[in-house]
file structure.cif (mmCIF, C-alpha atoms and all ligand atoms)
data_structure
#
loop_
_atom_site.label_atom_id
_atom_site.label_comp_id
_atom_site.auth_asym_id
_atom_site.auth_seq_id
_atom_site.Cartn_x
_atom_site.Cartn_y
_atom_site.Cartn_z
CA MET A 7 34.82 101.26 137.41
CA ALA A 8 34.82 99.55 140.81
CA HIS A 9 38.57 99.00 140.49
CA ILE A 10 39.48 102.69 140.24
CA GLU A 11 39.62 103.44 143.97
CA PRO A 12 42.53 101.18 144.93
CA TYR A 13 44.48 102.53 141.98
CA ARG A 14 43.71 106.08 142.97
CA ARG A 15 44.83 105.41 146.53
CA LEU A 16 48.07 104.01 145.18
CA SER A 17 48.49 107.08 143.03
CA LEU A 18 48.68 109.24 146.13
CA ASN A 19 52.24 108.02 146.51
CA LYS A 20 53.05 108.53 142.87
CA GLU A 21 54.75 111.89 143.33
CA ILE A 22 57.11 110.32 145.87
CA LEU A 23 57.79 107.28 143.71
CA MET A 24 58.30 109.40 140.62
CA GLY A 25 60.91 111.67 142.15
CA SER A 26 61.68 114.31 139.58
CA ARG A 27 60.38 112.63 136.45
CA ARG A 28 58.03 114.41 134.14
CA THR A 29 54.26 114.14 134.03
CA LEU A 30 53.32 114.72 130.41
CA ILE A 31 50.09 115.23 128.56
CA ALA A 32 51.16 115.01 124.93
CA GLY A 33 49.01 115.59 121.86
CA ASN A 34 50.07 113.96 118.61
CA TRP A 35 48.18 115.72 115.83
CA LYS A 36 49.57 113.30 113.21
CA MET A 37 48.82 114.46 109.63
CA ASN A 38 46.04 116.86 110.60
CA GLY A 39 45.63 120.62 110.71
CA SER A 40 46.17 123.60 108.45
CA ARG A 41 47.04 127.26 108.95
CA HIS A 42 43.30 127.95 108.84
CA SER A 43 42.71 125.67 111.83
CA LEU A 44 44.87 127.87 114.05
CA SER A 45 41.90 129.24 115.98
CA VAL A 46 41.05 125.66 116.96
CA LEU A 47 44.67 125.00 117.82
CA ALA A 48 44.65 128.06 120.08
CA GLU A 49 41.69 126.57 121.96
CA ILE A 50 43.62 123.35 122.41
CA ALA A 51 46.59 125.13 123.98
CA ARG A 52 44.48 127.29 126.30
CA PRO A 53 43.75 124.73 129.08
CA THR A 54 47.45 124.25 129.66
CA ASN A 55 47.57 127.55 131.50
CA ASP A 56 45.48 126.05 134.29
CA LEU A 57 47.68 123.04 134.94
CA PRO A 58 50.01 122.68 137.93
CA PRO A 59 53.60 123.45 136.88
CA HIS A 60 54.86 119.89 137.25
CA ILE A 61 52.55 118.74 134.45
CA GLU A 62 53.92 119.49 130.98
CA VAL A 63 51.70 119.68 127.94
CA VAL A 64 53.51 118.86 124.71
CA LEU A 65 52.04 119.52 121.27
CA PHE A 66 53.27 117.48 118.32
CA PRO A 67 51.92 119.31 115.24
CA PRO A 68 52.76 118.33 111.67
CA ALA A 69 55.99 119.98 110.48
CA THR A 70 54.04 122.52 108.40
CA LEU A 71 52.52 123.98 111.57
CA LEU A 72 55.63 124.03 113.73
CA ALA A 73 56.21 127.76 113.37
CA GLN A 74 52.63 128.75 114.18
CA THR A 75 52.41 126.26 117.03
CA ALA A 76 55.71 127.55 118.43
CA THR A 77 54.16 131.03 118.63
CA LEU A 78 51.06 129.55 120.24
CA ALA A 79 53.07 127.47 122.71
CA LYS A 80 55.07 130.54 123.74
CA LYS A 81 51.87 132.21 124.96
CA THR A 82 50.88 129.19 127.04
CA ALA A 83 52.72 126.78 129.26
CA SER A 84 52.84 124.13 126.52
CA LYS A 85 55.96 122.70 124.93
CA LEU A 86 56.55 121.93 121.28
CA GLY A 87 57.57 118.63 119.74
CA GLY A 88 58.44 117.36 116.28
CA GLN A 89 56.82 114.25 114.87
CA ASP A 90 59.73 112.07 113.84
CA CYS A 91 63.21 113.19 112.72
CA SER A 92 65.91 111.89 110.42
CA SER A 93 68.47 109.38 111.59
CA ASN A 94 71.06 111.69 109.99
CA SER A 95 72.16 115.13 111.05
CA ALA A 96 72.34 116.90 107.65
CA GLY A 97 72.94 116.31 103.96
CA ALA A 98 71.35 114.69 100.93
CA PHE A 99 68.24 113.23 102.57
CA THR A 100 65.37 114.62 100.49
CA GLY A 101 62.13 114.95 102.40
CA GLU A 102 63.66 114.36 105.81
CA LEU A 103 63.96 116.81 108.70
CA SER A 104 66.87 116.73 111.08
CA ALA A 105 66.39 117.01 114.83
CA ALA A 106 68.45 120.22 114.75
CA MET A 107 65.99 121.70 112.21
CA LEU A 108 63.07 120.86 114.50
CA ASN A 109 64.93 122.31 117.44
CA ASP A 110 65.52 125.43 115.36
CA PHE A 111 61.70 125.87 115.46
CA ARG A 112 61.88 125.61 119.27
CA ALA A 113 60.77 121.96 119.32
CA THR A 114 62.22 120.56 122.53
CA TYR A 115 60.62 117.11 122.16
CA GLY A 116 60.93 114.52 119.38
CA LEU A 117 58.42 111.71 118.85
CA LEU A 118 60.23 108.64 117.53
CA GLY A 119 59.25 105.11 116.59
CA HIS A 120 55.52 105.75 116.40
CA SER A 121 53.72 102.58 115.32
CA GLU A 122 52.48 104.34 112.19
CA GLY A 123 56.10 104.89 111.12
CA ARG A 124 57.06 101.38 112.17
CA THR A 125 54.25 99.74 110.18
CA ARG A 126 53.90 102.11 107.22
CA HIS A 127 57.61 102.74 106.64
CA GLY A 128 59.05 99.58 108.14
CA GLU A 129 61.03 101.47 110.78
CA SER A 130 63.15 99.03 112.74
CA ASP A 131 64.16 99.34 116.39
CA ASP A 132 67.67 100.10 115.16
CA LEU A 133 66.45 103.02 113.03
CA VAL A 134 64.32 104.31 115.90
CA ARG A 135 67.39 104.22 118.13
CA GLN A 136 69.43 106.18 115.54
CA LYS A 137 66.68 108.80 115.30
CA SER A 138 66.48 109.01 119.08
CA ILE A 139 70.23 109.60 119.26
CA GLN A 140 69.83 112.47 116.78
CA ALA A 141 67.05 114.00 118.88
CA LEU A 142 69.13 113.71 122.05
CA ASP A 143 72.23 115.11 120.32
CA ALA A 144 70.14 118.12 119.25
CA GLY A 145 69.33 118.73 122.92
CA MET A 146 65.77 117.44 122.68
CA ILE A 147 63.81 115.02 124.84
CA ALA A 148 63.20 111.78 122.94
CA VAL A 149 59.71 110.29 123.31
CA ILE A 150 60.21 106.73 122.08
CA CYS A 151 57.10 104.72 121.19
CA ILE A 152 56.75 100.98 121.63
CA GLY A 153 53.79 98.62 121.67
CA GLU A 154 52.62 95.17 120.69
CA THR A 155 50.31 94.17 117.83
CA ARG A 156 47.01 92.43 118.46
CA ASP A 157 48.49 89.12 117.27
CA GLU A 158 51.40 89.47 119.68
CA LYS A 159 49.01 90.25 122.52
CA GLU A 160 46.81 87.28 121.70
CA ALA A 161 49.85 85.02 121.55
CA GLY A 162 50.72 86.12 125.11
CA ARG A 163 53.93 87.80 123.90
CA THR A 164 53.29 91.37 125.04
CA PHE A 165 55.97 91.47 127.75
CA ASP A 166 58.63 89.87 125.54
CA VAL A 167 57.87 92.22 122.65
CA LEU A 168 58.01 95.28 124.90
CA ALA A 169 61.29 94.20 126.50
CA ASP A 170 62.79 93.60 123.07
CA GLN A 171 61.64 96.91 121.62
CA LEU A 172 62.85 98.76 124.69
CA ALA A 173 66.26 97.09 124.60
CA HIS A 174 66.83 97.92 120.93
CA SER A 175 65.03 101.25 120.39
CA VAL A 176 66.30 103.21 123.39
CA PRO A 177 69.84 104.57 123.18
CA LYS A 178 71.98 103.43 126.06
CA PHE A 179 74.44 105.76 127.74
CA SER A 180 72.19 108.80 127.32
CA SER A 181 70.74 111.05 129.98
CA ALA A 182 67.79 109.22 131.49
CA ASP A 183 66.00 112.48 132.22
CA ARG A 184 65.79 113.19 128.49
CA ILE A 185 64.21 109.84 127.62
CA VAL A 186 60.45 109.26 127.70
CA ILE A 187 58.82 105.95 126.78
CA ALA A 188 55.34 105.92 125.26
CA TYR A 189 53.57 102.57 125.57
CA GLU A 190 51.08 102.46 122.72
CA PRO A 191 49.54 99.05 122.06
CA MET A 192 49.13 99.07 118.27
CA TRP A 193 45.67 97.54 118.48
CA ALA A 194 44.48 100.36 120.74
CA ILE A 195 45.49 103.22 118.44
CA GLY A 196 42.49 104.91 116.84
CA THR A 197 40.21 101.96 117.59
CA GLY A 198 38.29 103.18 120.63
CA THR A 199 39.51 100.04 122.42
CA THR A 200 41.97 100.23 125.30
CA PRO A 201 43.62 97.58 127.42
CA SER A 202 42.09 97.11 130.87
CA VAL A 203 43.62 99.20 133.63
CA GLU A 204 45.18 96.01 134.99
CA GLU A 205 46.82 95.37 131.61
CA ILE A 206 48.12 98.93 131.36
CA GLU A 207 49.44 98.83 134.91
CA GLY A 208 51.05 95.43 134.26
CA ALA A 209 52.74 96.57 131.03
CA HIS A 210 54.02 99.79 132.60
CA ALA A 211 55.31 97.98 135.68
CA HIS A 212 57.09 95.51 133.38
CA LEU A 213 58.64 98.39 131.43
CA ARG A 214 59.74 100.02 134.68
CA ASP A 215 61.41 96.72 135.71
CA CYS A 216 63.18 96.46 132.33
CA LEU A 217 64.36 100.07 132.57
CA THR A 218 65.62 99.53 136.11
CA PHE A 219 67.53 96.43 135.01
CA GLU A 220 69.24 98.45 132.28
CA TRP A 221 69.58 101.89 133.90
CA GLY A 222 69.63 101.18 137.63
CA ALA A 223 68.52 104.08 139.81
CA ASN A 224 68.50 106.44 136.81
CA ALA A 225 65.47 104.57 135.46
CA GLY A 226 63.48 106.55 137.99
CA LEU A 227 64.00 109.62 135.79
CA ILE A 228 62.37 108.03 132.73
CA SER A 229 58.66 108.79 132.33
CA ILE A 230 56.39 106.13 130.83
CA LEU A 231 53.31 107.41 129.01
CA TYR A 232 50.27 105.50 127.88
CA GLY A 233 48.77 106.10 124.41
CA GLY A 234 45.94 104.52 122.42
CA SER A 235 42.30 105.68 122.36
CA VAL A 236 42.71 108.03 125.31
CA SER A 237 39.53 110.08 125.80
CA PRO A 238 37.96 112.23 128.49
CA HIS A 239 36.12 109.07 129.61
CA ASN A 240 39.22 107.03 130.43
CA ALA A 241 41.97 109.66 130.94
CA MET A 242 41.51 110.05 134.68
CA GLU A 243 41.44 106.34 135.34
CA ILE A 244 44.54 105.68 133.25
CA LEU A 245 46.46 108.67 134.56
CA GLY A 246 45.59 107.61 138.10
CA LEU A 247 47.48 104.33 137.71
CA PRO A 248 50.63 104.25 139.84
CA SER A 249 52.98 103.38 136.98
CA VAL A 250 51.54 105.78 134.39
CA ASP A 251 53.42 109.08 134.14
CA GLY A 252 51.34 110.69 131.43
CA LEU A 253 49.36 110.31 128.25
CA LEU A 254 50.08 110.42 124.52
CA ILE A 255 46.83 111.41 122.85
CA GLY A 256 45.95 111.19 119.17
CA GLY A 257 42.42 111.95 117.97
CA ALA A 258 41.18 113.57 121.19
CA SER A 259 44.06 116.07 121.12
CA LEU A 260 42.54 117.67 118.01
CA ASN A 261 39.28 118.40 119.79
CA PRO A 262 39.36 121.46 122.07
CA ALA A 263 36.58 120.24 124.37
CA LYS A 264 38.14 116.80 124.77
CA SER A 265 41.63 118.27 125.28
CA ALA A 266 40.33 120.64 127.93
CA ALA A 267 38.51 117.80 129.70
CA ILE A 268 41.62 115.60 129.73
CA CYS A 269 43.78 118.48 131.02
CA SER A 270 41.32 119.23 133.82
CA ASN A 271 41.23 115.54 134.72
CA ALA A 272 45.01 115.60 134.98
CA ALA A 273 44.98 118.76 137.06
CA ALA A 274 42.29 117.40 139.41
CA LEU A 275 44.09 114.12 139.87
CA HIS A 276 47.47 115.68 140.55
CA MET A 277 46.14 118.33 142.86
CA GLY A 278 44.27 115.60 144.72
CA ALA A 279 47.41 113.46 144.87
CA GLY A 280 49.43 116.30 146.27
CA ALA A 281 46.84 117.14 148.94
P1 LIG B 301 44.54 107.78 119.33
O1 LIG B 301 44.49 108.53 120.64
O2 LIG B 301 43.80 108.47 118.23
O3 LIG B 301 44.17 106.35 119.50
O4 LIG B 301 46.08 107.79 118.85
C1 LIG B 301 47.06 107.44 119.74
C2 LIG B 301 48.36 107.75 119.14
O5 LIG B 301 48.76 107.14 118.18
C3 LIG B 301 49.16 108.83 119.75
O6 LIG B 301 50.47 108.82 119.29
#

call {"tool": "encode", "arguments": {"input": "structure.cif", "output": "structure tokens", "more": "lines below"}}
Ligand code: 13P
result
Amino acid sequence: MAHIEPYRRLSLNKEILMGSRRTLIAGNWKMNGSRHSLSVLAEIARPTNDLPPHIEVVLFPPATLLAQTATLAKKTASKLGGQDCSSNSAGAFTGELSAAMLNDFRATYGLLGHSEGRTRHGESDDLVRQKSIQALDAGMIAVICIGETRDEKEAGRTFDVLADQLAHSVPKFSSADRIVIAYEPMWAIGTGTTPSVEEIEGAHAHLRDCLTFEWGANAGLISILYGGSVSPHNAMEILGLPSVDGLLIGGASLNPAKSAAICSNAAALHMGAGA
């Protein structure tokens, strides 16, 4: 970890560079959890009370736990998000949930275009954009996921793939402060393998350039999160990178001890940066 210090020094200026954009620690519980696991869920939400106010914790439970998690989130500083939403607003769409329905459960964030939806259900960039529009129209913040496959990485196509996904998945002409990008390399999800910090920093800086090209100064309001095998061992290093505005955590977000450790890493880093 000899390379962490320069990055941490750079991160001291992050608050200034970021302006008013969000720092997020988001937990995507995927298809996990039951009503009986609520005591564990309560543990997961507890550390959020200790975080500085400019860091938002967002919980993305499965739809079946939205109501209980909303109650939980109300007692803590955490926010609620819905995993996915329909690309339609209402009607004959069996099995789908509209963004307005999620918002009705006090979900203020929507997670769209996750690689599991893209690969398992063949979601295209166009569909992800339609879903994102629905989330924004319902007054939510759209967290839009993008990321390259291992083959694309090995072919040296990461930057092109990211630029393409960004250009076609993110709705244009929307409020930049309600858009969040989650960079999740597909090969890093659930594998215990992460890109090097240089690769993460490079990808995020590239995304920031692409956003600036498209959105001009407003790009500064768009947070870019990293996701893929985030753990208490790497969270501080990744979050300390100058172009990383937060984390999207899968497996570790279901473990109270790991969640607490990641949240205290974030708090320590941000308090240090502000000092
Ligand atoms: P893991 O943290 O389990 O790799 O999952 C990442 C993810 O897919 C979050 O959306």

call {"tool": "closest_atom_pairs", "arguments": {"input": "structure.cif", "of": "chain A", "to": "ligand LIG 301 (chain B)", "cutoff": "10 Å", "atoms": "only C-alpha atoms and all ligand atoms", "output": "Markdown table"}}
result
| residue | atom | partner | partner_atom | distance |
| --- | --- | --- | --- | --- |
| A:Ala32 | CA | B:LIG301 | C3 | 8.3 |
| A:Gly33 | CA | B:LIG301 | C3 | 7.1 |
| A:Asn34 | CA | B:LIG301 | O6 | 5.2 |
| A:Trp35 | CA | B:LIG301 | C3 | 8.0 |
| A:Lys36 | CA | B:LIG301 | O6 | 7.6 |
| A:Phe66 | CA | B:LIG301 | O6 | 9.2 |
| A:Gln89 | CA | B:LIG301 | O6 | 9.5 |
| A:Leu117 | CA | B:LIG301 | O6 | 8.5 |
| A:Leu118 | CA | B:LIG301 | O6 | 9.9 |
| A:Gly119 | CA | B:LIG301 | O6 | 9.9 |
| A:His120 | CA | B:LIG301 | O6 | 6.6 |
| A:Ser121 | CA | B:LIG301 | O5 | 7.3 |
| A:Glu122 | CA | B:LIG301 | O5 | 7.6 |
| A:Cys151 | CA | B:LIG301 | O6 | 8.0 |
| A:Ala188 | CA | B:LIG301 | O6 | 8.2 |
| A:Tyr189 | CA | B:LIG301 | O6 | 9.4 |
| A:Glu190 | CA | B:LIG301 | O5 | 6.9 |
| A:Pro191 | CA | B:LIG301 | O5 | 9.0 |
| A:Met192 | CA | B:LIG301 | O5 | 8.1 |
| A:Trp193 | CA | B:LIG301 | O3 | 9.0 |
| A:Ala194 | CA | B:LIG301 | O3 | 6.1 |
| A:Ile195 | CA | B:LIG301 | O3 | 3.6 |
| A:Gly196 | CA | B:LIG301 | O3 | 3.5 |
| A:Thr197 | CA | B:LIG301 | O3 | 6.2 |
| A:Gly198 | CA | B:LIG301 | O3 | 6.8 |
| A:Thr199 | CA | B:LIG301 | O3 | 8.4 |
| A:Thr200 | CA | B:LIG301 | O3 | 8.7 |
| A:Tyr232 | CA | B:LIG301 | C3 | 8.9 |
| A:Gly233 | CA | B:LIG301 | C1 | 5.2 |
| A:Gly234 | CA | B:LIG301 | O3 | 3.9 |
| A:Ser235 | CA | B:LIG301 | O3 | 3.5 |
| A:Val236 | CA | B:LIG301 | O1 | 5.0 |
| A:Ser237 | CA | B:LIG301 | O1 | 7.3 |
| A:Leu253 | CA | B:LIG301 | C3 | 8.6 |
| A:Leu254 | CA | B:LIG301 | C3 | 5.1 |
| A:Ile255 | CA | B:LIG301 | O1 | 4.3 |
| A:Gly256 | CA | B:LIG301 | O1 | 3.4 |
| A:Gly257 | CA | B:LIG301 | O2 | 3.8 |
| A:Ala258 | CA | B:LIG301 | O1 | 6.1 |
| A:Ser259 | CA | B:LIG301 | O1 | 7.6 |
| A:Leu260 | CA | B:LIG301 | O2 | 9.3 |

call {"tool": "closest_residue", "arguments": {"input": "structure.cif", "among": "A:Ser26, A:Ser175, A:Thr75, A:Asn38", "to": "Val149 (chain A)", "atoms": "all atoms listed in the file"}}
result
A:Ser175

call {"tool": "atom_distance", "arguments": {"input": "structure.cif", "atom1": "CA of Ala169 (chain A)", "atom2": "CA of Ala241 (chain A)"}}
result
25.1 Å

call {"tool": "residues_around", "arguments": {"input": "structure.cif", "residues": "Ala51 (chain A)", "least_positions_apart": "4", "cutoff": "12 Å", "atoms": "only C-alpha atoms", "output": "JSON, numbers by chain"}}
result
{"A": [31, 32, 33, 44, 45, 46, 47, 55, 56, 57, 62, 63, 64, 65, 66, 67, 75, 76, 77, 78, 79, 80, 81, 82, 83, 84, 85, 86, 259, 260, 261, 262, 263, 264, 265, 266, 269]}

call {"tool": "atom_distance", "arguments": {"input": "structure.cif", "atom1": "CA of Ile147 (chain A)", "atom2": "CA of Ala113 (chain A)"}}
result
9.4 Å

call {"tool": "residues_near_point", "arguments": {"input": "structure.cif", "point": "(74.0, 118.8, 117.5)", "cutoff": "7 Å", "atoms": "all atoms listed in the file", "output": "ChimeraX atom specification"}}
result
/A:106,143-144

call {"tool": "residues_near_point", "arguments": {"input": "structure.cif", "point": "(67.9, 97.5, 121.6)", "cutoff": "12 Å", "atoms": "only C-alpha atoms", "output": "PyMOL selection string"}}
result
chain A and resi 130-136+138+152+167-178+216-217+220

call {"tool": "write_last_selection", "arguments": {"input": "structure.cif", "atoms": "C-alpha atoms", "output": "short mmCIF file (atom, residue, chain, number, x, y, z; two decimals), in the frame of the given file"}}
result
data_model
loop_
_atom_site.label_atom_id
_atom_site.label_comp_id
_atom_site.auth_asym_id
_atom_site.auth_seq_id
_atom_site.Cartn_x
_atom_site.Cartn_y
_atom_site.Cartn_z
CA SER A 130 63.15 99.03 112.74
CA ASP A 131 64.16 99.34 116.39
CA ASP A 132 67.67 100.10 115.16
CA LEU A 133 66.45 103.02 113.03
CA VAL A 134 64.32 104.31 115.90
CA ARG A 135 67.39 104.22 118.13
CA GLN A 136 69.43 106.18 115.54
CA SER A 138 66.48 109.01 119.08
CA ILE A 152 56.75 100.98 121.63
CA VAL A 167 57.87 92.22 122.65
CA LEU A 168 58.01 95.28 124.90
CA ALA A 169 61.29 94.20 126.50
CA ASP A 170 62.79 93.60 123.07
CA GLN A 171 61.64 96.91 121.62
CA LEU A 172 62.85 98.76 124.69
CA ALA A 173 66.26 97.09 124.60
CA HIS A 174 66.83 97.92 120.93
CA SER A 175 65.03 101.25 120.39
CA VAL A 176 66.30 103.21 123.39
CA PRO A 177 69.84 104.57 123.18
CA LYS A 178 71.98 103.43 126.06
CA CYS A 216 63.18 96.46 132.33
CA LEU A 217 64.36 100.07 132.57
CA GLU A 220 69.24 98.45 132.28
#

call {"tool": "atom_distance", "arguments": {"input": "structure.cif", "atom1": "CA of Leu275 (chain A)", "atom2": "CA of Pro58 (chain A)"}}
result
10.6 Å

call {"tool": "closest_residue", "arguments": {"input": "structure.cif", "among": "A:Asn240, A:Asn109, A:Ser229, A:Asn94", "to": "Ala267 (chain A)", "atoms": "all atoms listed in the file"}}
result
A:Asn240

call {"tool": "axis_aligned_box", "arguments": {"input": "structure.cif", "around": "region 167-186 of chain A", "padding_each_side": "8 Å", "output": "AutoDock Vina command-line options"}}
result
--center_x 66.2 --center_y 102.7 --center_z 126.3 --size_x 32.6 --size_y 37.0 --size_z 27.8

call {"tool": "residues_around", "arguments": {"input": "structure.cif", "residues": "Arg184 (chain A)", "least_positions_apart": "6", "cutoff": "8 Å", "atoms": "only C-alpha atoms", "output": "MDAnalysis selection string"}}
result
chainID A and resid 142 146:148 228

call {"tool": "build_atoms", "arguments": {"input": "structure.cif", "residues": "region 152-161 of chain A", "atoms": "all heavy atoms", "output": "tab-separated table (two decimals), in the frame of the given file"}}
result
chain	number	residue	atom	x	y	z
A	152	ILE	N	56.70	102.43	121.78
A	152	ILE	CA	56.75	100.98	121.63
A	152	ILE	C	55.34	100.43	121.86
A	152	ILE	O	54.50	101.11	122.44
A	152	ILE	CB	57.76	100.31	122.60
A	152	ILE	CG1	57.40	100.67	124.05
A	152	ILE	CG2	59.18	100.72	122.31
A	152	ILE	CD1	58.24	99.91	125.06
A	153	GLY	N	55.11	99.22	121.43
A	153	GLY	CA	53.79	98.62	121.67
A	153	GLY	C	53.60	97.37	120.83
A	153	GLY	O	54.16	97.26	119.74
A	154	GLU	N	52.83	96.46	121.35
A	154	GLU	CA	52.62	95.17	120.69
A	154	GLU	C	51.44	95.22	119.72
A	154	GLU	O	50.56	96.06	119.85
A	154	GLU	CB	52.39	94.06	121.74
A	154	GLU	CG	50.98	93.97	122.32
A	154	GLU	CD	50.65	95.06	123.33
A	154	GLU	OE1	51.49	95.93	123.60
A	154	GLU	OE2	49.51	95.04	123.85
A	155	THR	N	51.45	94.32	118.74
A	155	THR	CA	50.31	94.17	117.83
A	155	THR	C	49.24	93.32	118.52
A	155	THR	O	49.49	92.69	119.56
A	155	THR	CB	50.73	93.44	116.53
A	155	THR	OG1	51.15	92.12	116.90
A	155	THR	CG2	51.86	94.15	115.82
A	156	ARG	N	48.07	93.28	117.89
A	156	ARG	CA	47.01	92.43	118.46
A	156	ARG	C	47.43	90.96	118.46
A	156	ARG	O	47.22	90.24	119.43
A	156	ARG	CB	45.70	92.62	117.69
A	156	ARG	CG	44.59	91.77	118.26
A	156	ARG	CD	43.23	92.12	117.73
A	156	ARG	NE	42.70	93.35	118.27
A	156	ARG	CZ	42.25	93.50	119.51
A	156	ARG	NH1	42.29	92.50	120.37
A	156	ARG	NH2	41.77	94.65	119.92
A	157	ASP	N	48.06	90.52	117.36
A	157	ASP	CA	48.49	89.12	117.27
A	157	ASP	C	49.48	88.78	118.39
A	157	ASP	O	49.39	87.72	119.01
A	157	ASP	CB	49.17	88.85	115.93
A	157	ASP	CG	48.14	88.72	114.81
A	157	ASP	OD1	46.92	88.69	115.12
A	157	ASP	OD2	48.54	88.67	113.63
A	158	GLU	N	50.40	89.71	118.62
A	158	GLU	CA	51.40	89.47	119.68
A	158	GLU	C	50.72	89.41	121.05
A	158	GLU	O	51.07	88.56	121.88
A	158	GLU	CB	52.46	90.57	119.65
A	158	GLU	CG	53.39	90.44	118.44
A	158	GLU	CD	54.20	91.69	118.13
A	158	GLU	OE1	53.86	92.79	118.62
A	158	GLU	OE2	55.17	91.56	117.36
A	159	LYS	N	49.74	90.28	121.23
A	159	LYS	CA	49.01	90.25	122.52
A	159	LYS	C	48.30	88.91	122.68
A	159	LYS	O	48.37	88.27	123.73
A	159	LYS	CB	48.00	91.40	122.55
A	159	LYS	CG	47.06	91.37	123.74
A	159	LYS	CD	46.01	92.46	123.62
A	159	LYS	CE	44.81	92.28	124.53
A	159	LYS	NZ	45.11	92.09	125.92
A	160	GLU	N	47.60	88.51	121.59
A	160	GLU	CA	46.81	87.28	121.70
A	160	GLU	C	47.69	86.04	121.86
A	160	GLU	O	47.27	85.04	122.42
A	160	GLU	CB	45.87	87.16	120.49
A	160	GLU	CG	44.68	88.12	120.69
A	160	GLU	CD	43.79	88.28	119.48
A	160	GLU	OE1	44.04	87.60	118.45
A	160	GLU	OE2	42.84	89.09	119.57
A	161	ALA	N	48.92	86.15	121.38
A	161	ALA	CA	49.85	85.02	121.55
A	161	ALA	C	50.53	85.07	122.92
A	161	ALA	O	51.44	84.27	123.20
A	161	ALA	CB	50.90	85.05	120.44
